[in-house]
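Right, one structure below, let's go through it.
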Protein chains: 2
Amino acid sequence: MRLELITTGSELLLGRVTNTHQQWLGRQLADIGYSLTRQTTVPDTGDAIAAAVKEALSRSEVVLTTGGLGPTGDDLTRDAIAASLNRPLEEDRRVLEHLRHYFQRRNLAMPDAVRVQALVPQGALVLMNQFGTAPGLAIEPRSGRYLLMLPGPPRELRPMFSDQGLPWLQSTALPPRKDFSCLTLRLTGLGESEVEKRLTLRLQPLTRRGLNVGFCARPGAVDVRFVSEGVLAVELTAEAAGLARALLSDYIYGTENQSLEEVVLDLLRIAGKTLALAESCTGGFLAHSLTDVPGASEALESGLVTYTNAAKVRWAGVSENTLKQFGAVSRQTALEMAAGVREAAGADFGIGVTGIAGPAGGTDDKPVGTVFLALADRRSVKALERHFPTDRETFKRLTLREAFDWLRKELIRAKNPAD
Amino acid sequence: MRLELITTGSELLLGRVTNTHQQWLGRQLADIGYSLTRQTTVPDTGDAIAAAVKEALSRSEVVLTTGGLGPTGDDLTRDAIAASLNRPLEEDRRVLEHLRHYFQRRNLAMPDAVRVQALVPQGALVLMNQFGTAPGLAIEPRSGRYLLMLPGPPRELRPMFSDQGLPWLQSTALPPRKDFSCLTLRLTGLGESEVEKRLTLRLQPLTRRGLNVGFCARPGAVDVRFVSEGVLAVELTAEAAGLARALLSDYIYGTENQSLEEVVLDLLRIAGKTLALAESCTGGFLAHSLTDVPGASEALESGLVTYTNAAKVRWAGVSENTLKQFGAVSRQTALEMAAGVREAAGADFGIGVTGIAGPAGGTDDKPVGTVFLALADRRSVKALERHFPTDRETFKRLTLREAFDWLRKELIRAKNPAD
């Protein structure tokens, strides 16, 4: 079974936006046991879209397209595909009603251009858009070939795919399967080649039996992916994951799409503990990442972004003397930030981070990338120094991993004091 | 001139990571006047990689690949391409030295597997990796065809492309050109079809002369892109941008890759003003987004993430009475958060946001998606109510746009009091 995704949009090729559809749709399909075999991006021209779809349909059973169903002049996917499949467009009453209703509810006049979205290729199944105007379209262009056209905006595409597109695919081309398994372990604290070195020999008996192992390095983290097909699929991936856990348990923070933030929040909730943050160089990234997880409010008491010296004194209770004697970027300041925010917030844990994200602000003594992290609980406060000389975004991410992995280990230690 | 990008990696197709190379490389090429004509993702198998590269080279003058140059067993790009081009691999001394030095500096033993990265296809130009181990490779597989292989990790790929890959392409396949122009205007506060409606007729004289207009809707924002090729390219896009500015100036917050955060920080710096934030439902996203911009510390005094009621009282000075009478998600609470944080921080502006990001926590009275925003300056404080019933991430983003666009307009009004 071959599955292809065609993402349309000149803005993607001109680098104006990031393609998130590939990741999201790839994930949804993998979750039901199918993997995309190819993804292609083409510009917003009728010819390019028609050629890519034709090529994909000649190669693969299932073809998904995204984008180009909207009302503007560069939305050409519907027209290009209808023409290339010889399916005349017909106005669909139900879609027209939906469009009228959409604008009515918002007290807006419906622009004429919008009406083009009610045009549907003959024989296509219409997927109504609950969060926008452009409907999705599902077609079986010839026996055994399935084409699903989805709108571009993620908040329209995602619910439409989950509620209508995926059920259609499952009822036609992609029946449930039990002979595919994909397991991912997420590690932090070890490099990619070191992870592979520690695993490869031990996994050989399994890879010989058909296990595939993939590695993916991200800033401060490595994902190890076990994939297998066939009757032994579930057994092989489970055995591989068990082996990896036995060898690398300290470094494994989660599985599949679990983020370190989710893991830490779960551990905090289970322990009934709360956390307060005082961030300087990460500028709110730690708080923002935690609060992306629904229910974060149960464990995150509060966060401070104390960028200036005055803010460190005012909010986090750092002493002016410490700032004068050791500087804002110092072990002592981090210690006082963590202890200060924890105490002021009445939380169980406090984290303080202060450093130099760059590109400016470094000195010989404390070059760009220097960061001090501190972790306080009710009894004590500890600090550590790290050096992440990289770009601003990666610096924030590496600091986040360091801080949250530290807290994760503390929480696990507290849970299993015998270790 | 046709340019293709092939991103390799099963993790991309299985939806384990987002493909950021497409955006970044597309942008770099567009900046020098060339646009990608196709992008393809293939899995980590030698056959798939070799087939995709062969296909791309038959179609296009320039082919870029990313990924698969590392040390692990699923890094197959180098081998697959060397085999398919009939270029035997030879160990490169300079790369081997670099690898040894890389591990020495880190006081680590060099794993044997790493050595494979010193293998170079015959006749290839080696691009040394300043931020990792795997070198990039540049090859002219036959006259007039150019193949550039880049490593997968963004922090390795980006400097390598800018410092070595791009100069190589410019000296071989992509000479400087003046007959291409791409201009983007970024708008907020108007829907995509409304933007098009207001522009289309007025732009017709320019589109007839060869101007291309593209629209891209993102949460709470629309990008309008003017592209033109030929001797009139620069003139046509400049004229189009001027026209759009005249028609939609209130809604245009920036150009090209400028973010709303950068624009607001610039306006604050120019005015010599500072900002303090009190965030509840956005959980630090406003502070994090501002501090992603280098130099944010000049204007962002501090930020509070006051998730709990206690934190709103303690840090932002909201009265217990207000919380009791109106609730944490209310106009009154937002007003007190904005005024409170501004005053406590001694900043010129204060922003307060409180709302229900969801998925839980909504009531009949205040459903999920309800948010109150408040903006305080030294003289007054105002609030507004919005409804963004969507996912958590989009909710945060829409709230950010609303808040920062409001501040942007205040700053512009203060600059031009005559308006």
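Every chain in the structure tokens has a letter given in the order shown (A, B, ...), and although residue numbers restart at 1 in each chain, ligands are simply numbered from 1 in the order shown.
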
>> Taking only C-alpha atoms into account, find every residue of chain B that has an atom no more than 6 Å from chain A, and write it out as a ChimeraX atom specification.
In response: /B:13-15,18,23-24,26-27,30,35-36,38-42,283-285,287-288,291,302-307

Same residues, C-alpha atoms, saved as a PDB file, in the first residue's frame:
```pdb
ATOM      1  CA  LEU B  13       6.949  10.728   6.845  1.00  0.00           C
ATOM      2  CA  LEU B  14       5.960   9.031  10.095  1.00  0.00           C
ATOM      3  CA  GLY B  15       5.183  12.473  11.505  1.00  0.00           C
ATOM      4  CA  THR B  18       8.366  18.858  11.502  1.00  0.00           C
ATOM      5  CA  GLN B  23      10.987  26.751   4.878  1.00  0.00           C
ATOM      6  CA  TRP B  24      14.515  27.793   5.716  1.00  0.00           C
ATOM      7  CA  GLY B  26      13.290  28.019   0.369  1.00  0.00           C
ATOM      8  CA  ARG B  27      13.698  31.378   2.019  1.00  0.00           C
ATOM      9  CA  ALA B  30      14.173  33.254  -2.664  1.00  0.00           C
ATOM     10  CA  SER B  35      12.596  29.830  -6.057  1.00  0.00           C
ATOM     11  CA  LEU B  36      12.328  26.124  -5.335  1.00  0.00           C
ATOM     12  CA  ARG B  38       9.558  21.251  -6.035  1.00  0.00           C
ATOM     13  CA  GLN B  39      10.238  19.662  -2.686  1.00  0.00           C
ATOM     14  CA  THR B  40      10.050  15.932  -1.990  1.00  0.00           C
ATOM     15  CA  THR B  41      10.378  13.871   1.171  1.00  0.00           C
ATOM     16  CA  VAL B  42      11.450  10.238   0.917  1.00  0.00           C
ATOM     17  CA  GLY B 283       1.018  31.182  30.085  1.00  0.00           C
ATOM     18  CA  GLY B 284       4.188  33.037  29.118  1.00  0.00           C
ATOM     19  CA  PHE B 285       3.723  32.871  25.340  1.00  0.00           C
ATOM     20  CA  ALA B 287       6.955  37.006  26.991  1.00  0.00           C
ATOM     21  CA  HIS B 288       8.562  34.047  25.209  1.00  0.00           C
ATOM     22  CA  THR B 291      12.276  37.412  24.039  1.00  0.00           C
ATOM     23  CA  SER B 302       9.346  41.919  33.080  1.00  0.00           C
ATOM     24  CA  GLY B 303       6.582  39.388  32.713  1.00  0.00           C
ATOM     25  CA  LEU B 304       4.376  37.517  35.112  1.00  0.00           C
ATOM     26  CA  VAL B 305       2.664  34.227  34.500  1.00  0.00           C
ATOM     27  CA  THR B 306      -0.132  34.405  37.035  1.00  0.00           C
ATOM     28  CA  TYR B 307      -1.935  31.148  36.463  1.00  0.00           C
TER      29      TYR B 307
END
```

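Using only C-alpha atoms, the protein and nucleic acid residues lying no more than 6 Å from range 363-377 of chain B, apart from those fewer than 2 places from it along its own chain, are Arg331, Ala334, Leu335, Ala338, Ala339, Asp348, Phe349, Gly350, Ile351, Gly352, Val353, Thr354, Gly355, Ile356, Ala357, Gly358, Arg379, Ser380, Val381, Lys382, Ala383, Leu384, Glu385, Arg386, His387, Phe388 and Pro389 of chain B.
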
>> Residues near range 132-140 of chain B, anyone? I mean within 6 Å using only C-alpha atoms, not counting same-chain ones fewer than 4 positions away, as a ChimeraX atom specification.
In response: /B:69-70,99,117,124-128,145-150

>> Please return, as a count of residues only, all residues of range 93-268 of chain A that DSSP assigns to strand (DSSP E) on the basis of the backbone.
In response: 44

> So which bits of range 114-247 of chain A end up alpha helix (DSSP H) when you DSSP the backbone, as a PyMOL selection string?
Replying inline: chain A and resi 154-160+166-172+192-208+233-247

> Hey, what's within 10 Å of Arg177 in chain A if we count only C-alpha atoms and toss same-chain stuff fewer than 4 positions away? As a list in words, please?
Replying inline: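 My list of contacting residues is Ile32, Gly33, Tyr34 and Ser181 of chain A.
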
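Shortest separation to Gly191 in chain B among B:Ile49, B:Leu203, B:Tyr251, B:Met337 occurs at residue B:Tyr251, atoms counted being only C-alpha atoms.
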